[in-house]
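J.: This is structure08.pdb (PDB, C-alpha atoms).
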MODEL        1
ATOM      1  CA  MET A   1      -8.442 -13.515 -20.801
ATOM      2  CA  LEU A   2      -5.210 -13.039 -18.849
ATOM      3  CA  TRP A   3      -3.198 -12.473 -22.034
ATOM      4  CA  ARG A   4      -5.736  -9.922 -23.261
ATOM      5  CA  VAL A   5      -5.494  -7.998 -20.003
ATOM      6  CA  PHE A   6      -1.693  -8.146 -20.081
ATOM      7  CA  ALA A   7      -1.553  -6.966 -23.701
ATOM      8  CA  SER A   8      -3.971  -4.093 -23.110
ATOM      9  CA  CYS A   9      -2.144  -2.971 -19.948
ATOM     10  CA  SER A  10       1.194  -3.076 -21.770
ATOM     11  CA  ILE A  11      -0.145  -1.011 -24.662
ATOM     12  CA  CYS A  12      -1.781   1.478 -22.284
ATOM     13  CA  THR A  13       1.394   1.895 -20.234
ATOM     14  CA  PHE A  14       3.436   2.412 -23.412
ATOM     15  CA  LEU A  15       0.971   4.988 -24.761
ATOM     16  CA  LEU A  16       0.811   6.734 -21.391
ATOM     17  CA  GLY A  17       4.604   7.044 -21.426
ATOM     18  CA  ILE A  18       4.513   8.525 -24.931
ATOM     19  CA  LEU A  19       1.733  10.980 -24.035
ATOM     20  CA  ASN A  20       3.527  11.949 -20.824
ATOM     21  CA  SER A  21       6.751  12.661 -22.716
ATOM     22  CA  LEU A  22       4.816  14.761 -25.250
ATOM     23  CA  TRP A  23       3.088  16.665 -22.447
ATOM     24  CA  THR A  24       6.284  17.414 -20.516
ATOM     25  CA  GLY A  25       8.404  17.963 -23.633
ATOM     26  CA  THR A  26      11.002  15.358 -22.723
ATOM     27  CA  THR A  27      12.338  12.605 -24.932
ATOM     28  CA  PHE A  28      10.679   9.213 -24.657
ATOM     29  CA  SER A  29      12.717   6.168 -23.718
ATOM     30  CA  LEU A  30      11.638   2.575 -23.277
ATOM     31  CA  ASN A  31      12.383   2.607 -19.558
ATOM     32  CA  ASP A  32       9.811   5.353 -18.809
ATOM     33  CA  THR A  33       7.212   3.968 -16.444
ATOM     34  CA  GLY A  34       4.210   6.033 -17.505
ATOM     35  CA  ALA A  35       1.748   5.444 -14.677
ATOM     36  CA  LEU A  36       4.152   4.538 -11.876
ATOM     37  CA  LYS A  37       5.278   7.844 -10.438
ATOM     38  CA  PHE A  38       6.465   7.563  -6.863
ATOM     39  CA  GLY A  39       8.688  10.624  -6.827
ATOM     40  CA  ARG A  40      12.446  10.535  -6.489
ATOM     41  CA  LEU A  41      13.918   7.546  -4.695
ATOM     42  CA  SER A  42      17.495   7.187  -3.597
ATOM     43  CA  ASP A  43      19.163   4.076  -4.930
ATOM     44  CA  THR A  44      21.128   2.123  -2.365
ATOM     45  CA  GLU A  45      22.956  -1.136  -2.845
ATOM     46  CA  SER A  46      21.877  -4.361  -1.213
ATOM     47  CA  SER A  47      24.329  -6.525   0.659
ATOM     48  CA  LEU A  48      24.447 -10.189   1.562
ATOM     49  CA  LEU A  49      23.125  -9.254   4.998
ATOM     50  CA  ASP A  50      19.759  -8.556   3.331
ATOM     51  CA  LEU A  51      19.459 -12.154   2.099
ATOM     52  CA  PRO A  52      18.508 -13.811   5.437
ATOM     53  CA  ALA A  53      15.861 -11.156   6.040
ATOM     54  CA  ALA A  54      14.439 -11.752   2.554
ATOM     55  CA  ILE A  55      14.362 -15.518   3.157
ATOM     56  CA  ILE A  56      12.607 -15.080   6.512
ATOM     57  CA  ILE A  57      10.063 -12.674   5.017
ATOM     58  CA  GLY A  58       9.496 -15.129   2.142
ATOM     59  CA  LEU A  59       8.892 -18.013   4.555
ATOM     60  CA  ILE A  60       6.497 -15.994   6.692
ATOM     61  CA  CYS A  61       4.571 -14.787   3.643
ATOM     62  CA  GLY A  62       4.419 -18.317   2.232
ATOM     63  CA  LEU A  63       3.045 -19.698   5.502
ATOM     64  CA  LEU A  64       0.525 -16.871   5.791
ATOM     65  CA  GLY A  65      -0.531 -17.433   2.175
ATOM     66  CA  SER A  66      -1.091 -21.158   2.718
ATOM     67  CA  PHE A  67      -3.022 -20.428   5.921
ATOM     68  CA  PHE A  68      -5.172 -17.924   4.004
ATOM     69  CA  ILE A  69      -5.941 -20.508   1.305
ATOM     70  CA  TYR A  70      -6.802 -23.136   3.938
ATOM     71  CA  VAL A  71      -9.152 -20.774   5.779
ATOM     72  CA  ASN A  72     -10.678 -19.548   2.519
ATOM     73  CA  ILE A  73     -11.441 -23.094   1.323
ATOM     74  CA  ASN A  74     -13.072 -24.033   4.638
ATOM     75  CA  LEU A  75     -15.067 -20.798   4.765
ATOM     76  CA  GLY A  76     -16.210 -21.387   1.181
ATOM     77  CA  ILE A  77     -17.552 -24.800   2.182
ATOM     78  CA  LEU A  78     -19.349 -23.318   5.193
ATOM     79  CA  ARG A  79     -20.756 -20.464   3.110
ATOM     80  CA  LYS A  80     -22.214 -22.878   0.551
ATOM     81  CA  LYS A  81     -23.781 -24.888   3.335
ATOM     82  CA  TYR A  82     -25.270 -22.081   5.477
ATOM     83  CA  ILE A  83     -25.629 -18.969   3.309
ATOM     84  CA  THR A  84     -28.232 -20.012   0.784
ATOM     85  CA  LYS A  85     -30.472 -16.968   0.341
ATOM     86  CA  ASN A  86     -29.544 -13.749  -1.456
ATOM     87  CA  TRP A  87     -30.325 -11.566   1.549
ATOM     88  CA  HIS A  88     -27.957 -13.705   3.640
ATOM     89  CA  LYS A  89     -25.172 -12.871   1.167
ATOM     90  CA  ILE A  90     -25.944  -9.150   1.341
ATOM     91  CA  LEU A  91     -26.077  -9.259   5.144
ATOM     92  CA  GLU A  92     -22.737 -11.098   5.233
ATOM     93  CA  ALA A  93     -21.086  -8.500   2.989
ATOM     94  CA  ILE A  94     -22.444  -5.625   5.099
ATOM     95  CA  PHE A  95     -21.321  -7.319   8.308
ATOM     96  CA  PHE A  96     -17.739  -7.919   7.121
ATOM     97  CA  ALA A  97     -17.454  -4.426   5.623
ATOM     98  CA  PHE A  98     -18.569  -2.917   8.952
ATOM     99  CA  LEU A  99     -16.285  -5.238  10.915
ATOM    100  CA  SER A 100     -13.158  -4.513   8.845
ATOM    101  CA  ALA A 101     -13.791  -0.737   8.821
ATOM    102  CA  SER A 102     -14.326  -0.785  12.582
ATOM    103  CA  VAL A 103     -11.131  -2.749  13.221
ATOM    104  CA  PHE A 104      -9.059  -0.409  11.031
ATOM    105  CA  PHE A 105     -10.516   2.655  12.722
ATOM    106  CA  ALA A 106     -10.064   1.167  16.225
ATOM    107  CA  VAL A 107      -6.399   0.330  15.537
ATOM    108  CA  VAL A 108      -5.690   3.874  14.364
ATOM    109  CA  LEU A 109      -7.685   5.327  17.259
ATOM    110  CA  ALA A 110      -5.692   3.245  19.760
ATOM    111  CA  ARG A 111      -2.473   4.715  18.334
ATOM    112  CA  SER A 112      -3.799   8.279  17.972
ATOM    113  CA  ASN A 113      -1.152   9.705  20.321
ATOM    114  CA  ASN A 114       1.603   8.630  17.912
ATOM    115  CA  CYS A 115       2.146  12.027  16.256
ATOM    116  CA  ARG A 116       5.259  12.965  14.304
ATOM    117  CA  GLU A 117       6.513  16.328  13.083
ATOM    118  CA  LEU A 118       5.981  17.231   9.438
ATOM    119  CA  ASN A 119       9.231  17.546   7.513
ATOM    120  CA  GLU A 120       9.357  20.414   5.013
ATOM    121  CA  ASP A 121      11.776  18.490   2.771
ATOM    122  CA  PHE A 122       9.158  15.873   1.850
ATOM    123  CA  ASP A 123       5.752  15.795   0.192
ATOM    124  CA  ASN A 124       3.270  16.415   3.014
ATOM    125  CA  LYS A 125       0.023  16.603   1.047
ATOM    126  CA  SER A 126      -0.737  12.892   1.438
ATOM    127  CA  LYS A 127      -0.063  12.790   5.183
ATOM    128  CA  VAL A 128      -3.108  12.431   7.455
ATOM    129  CA  GLN A 129      -3.315  14.599  10.567
ATOM    130  CA  PHE A 130      -5.948  12.459  12.446
ATOM    131  CA  ARG A 131      -6.263  13.928  15.948
ATOM    132  CA  CYS A 132      -2.755  15.396  15.896
ATOM    133  CA  PRO A 133      -2.022  19.074  16.531
ATOM    134  CA  GLU A 134      -1.204  21.434  13.674
ATOM    135  CA  GLY A 135       2.148  20.696  12.051
ATOM    136  CA  LYS A 136       2.108  16.994  13.004
ATOM    137  CA  PHE A 137       0.752  13.835  11.372
ATOM    138  CA  ASN A 138      -0.158  10.293  12.376
ATOM    139  CA  PRO A 139       1.930   7.721  10.423
ATOM    140  CA  LEU A 140      -0.500   4.820  10.958
ATOM    141  CA  ALA A 141      -3.498   6.904   9.895
ATOM    142  CA  THR A 142      -1.495   8.029   6.872
ATOM    143  CA  LEU A 143      -0.993   4.413   5.817
ATOM    144  CA  ILE A 144      -4.562   3.241   6.481
ATOM    145  CA  PHE A 145      -6.719   6.250   5.515
ATOM    146  CA  ASN A 146      -4.812   7.199   2.365
ATOM    147  CA  THR A 147      -5.225   6.330  -1.291
ATOM    148  CA  GLU A 148      -3.191   3.493  -2.780
ATOM    149  CA  GLY A 149      -0.719   5.887  -4.381
ATOM    150  CA  GLY A 150      -0.370   7.943  -1.200
ATOM    151  CA  THR A 151       0.247   4.811   0.855
ATOM    152  CA  ILE A 152       2.926   3.581  -1.558
ATOM    153  CA  ARG A 153       4.613   7.000  -1.570
ATOM    154  CA  GLN A 154       4.662   7.055   2.242
ATOM    155  CA  LEU A 155       6.042   3.518   2.469
ATOM    156  CA  LEU A 156       8.804   4.295  -0.030
ATOM    157  CA  ALA A 157       9.705   7.599   1.637
ATOM    158  CA  PHE A 158       9.720   6.200   5.184
ATOM    159  CA  PRO A 159      13.347   4.927   5.241
ATOM    160  CA  ILE A 160      14.611   8.282   3.938
ATOM    161  CA  GLU A 161      12.568  10.225   6.510
ATOM    162  CA  LEU A 162      13.682   7.867   9.281
ATOM    163  CA  LYS A 163      17.342   8.312   8.339
ATOM    164  CA  ASP A 164      16.998  12.095   8.230
ATOM    165  CA  THR A 165      15.144  12.398  11.557
ATOM    166  CA  THR A 166      17.060   9.834  13.619
ATOM    167  CA  ASP A 167      20.127  10.971  15.486
ATOM    168  CA  PHE A 168      22.465   8.034  16.116
ATOM    169  CA  SER A 169      25.149  10.023  17.909
TER     170      SER A 169
ENDMDL
END
Output the structure of this file as structure tokens.
T.:
Amino acid sequence: MLWRVFASCSICTFLLGILNSLWTGTTFSLNDTGALKFGRLSDTESSLLDLPAAIIIGLICGLLGSFFIYVNINLGILRKKYITKNWHKILEAIFFAFLSASVFFAVVLARSNNCRELNEDFDNKSKVQFRCPEGKFNPLATLIFNTEGGTIRQLLAFPIELKDTTDFS
């Protein structure tokens, strides 16, 4: 099944790149990404100083992943033991959906005074205002209440915006 999904996604991405080049009138090359359009990104070189940070992030993510698997296995055992009826499963799903939505909203609400100015040089259509005055946006609300593509665009544009708005002198 995994190979079928991989093959179909590869073919779809290739065809999307061809159709996109036909639509825009540009020539098609094999390095066109088709569906992955994050806008223009500046390319900066990495240095050896980035290696320790990458190792630390890898260790933290590995530990968090193993903790997640441990908790998930134990919760699976408890769920099989105590959640036996179908309505229990539905009630559990409703409870965790409400709990996670409430936590996300409460975190953003607690940081609602964290408003930043909109920059005219960047794409502002995916920024979320969330209790900020006109001409400002909330960065945390932009990350949490946005679509997947909007969140990725904001995460990739953040270092550029930070560099342009920070005065180090």
J.: Output the residue selection produced by the PyMOL selection byres ((chain A and resi 141) around 8) on the file above, formatted as a PDB file with C-alpha atoms, in the coordinates of the input.
T.:
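Written out: result-v1.pdb:
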ATOM      1  CA  VAL A 108      -5.690   3.874  14.364  1.00  0.00           C
ATOM      2  CA  VAL A 128      -3.108  12.431   7.455  1.00  0.00           C
ATOM      3  CA  GLN A 129      -3.315  14.599  10.567  1.00  0.00           C
ATOM      4  CA  PHE A 130      -5.948  12.459  12.446  1.00  0.00           C
ATOM      5  CA  ASN A 138      -0.158  10.293  12.376  1.00  0.00           C
ATOM      6  CA  PRO A 139       1.930   7.721  10.423  1.00  0.00           C
ATOM      7  CA  LEU A 140      -0.500   4.820  10.958  1.00  0.00           C
ATOM      8  CA  THR A 142      -1.495   8.029   6.872  1.00  0.00           C
ATOM      9  CA  LEU A 143      -0.993   4.413   5.817  1.00  0.00           C
ATOM     10  CA  ILE A 144      -4.562   3.241   6.481  1.00  0.00           C
ATOM     11  CA  PHE A 145      -6.719   6.250   5.515  1.00  0.00           C
ATOM     12  CA  ASN A 146      -4.812   7.199   2.365  1.00  0.00           C
TER      13      ASN A 146
END
J.: List every protein, DNA or RNA residue that has at least one atom no more than 8 Å from (-6.8, 12.8, 19.5) in the file's coordinates, counting only C-alpha atoms, and write the result as a list in words.
T.: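 It turns out the residues near that spot are Leu109, Ser112, Asn113, Phe130, Arg131 and Cys132 of chain A.
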J.: Find the distance between CA of Thr147 (chain A) and CA of Asn114 (chain A) and write it in Å to one decimal.
T.: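 Interatomic distance here is 20.5 Å.
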J.: Find the distance between CA of Ala93 (chain A) and CA of Lys80 (chain A) and write it in Å to one decimal.
T.: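 Computed distance, CA of Ala93 (chain A) to CA of Lys80 (chain A), equals 14.6 Å.
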J.: Name all residues at most 9 Å from Thr27 (chain A) (count all atoms listed in the file; drop same-chain ones fewer than 4 positions away) and give them as a VMD selection string.
T.: chain A and resid 18 21 to 22
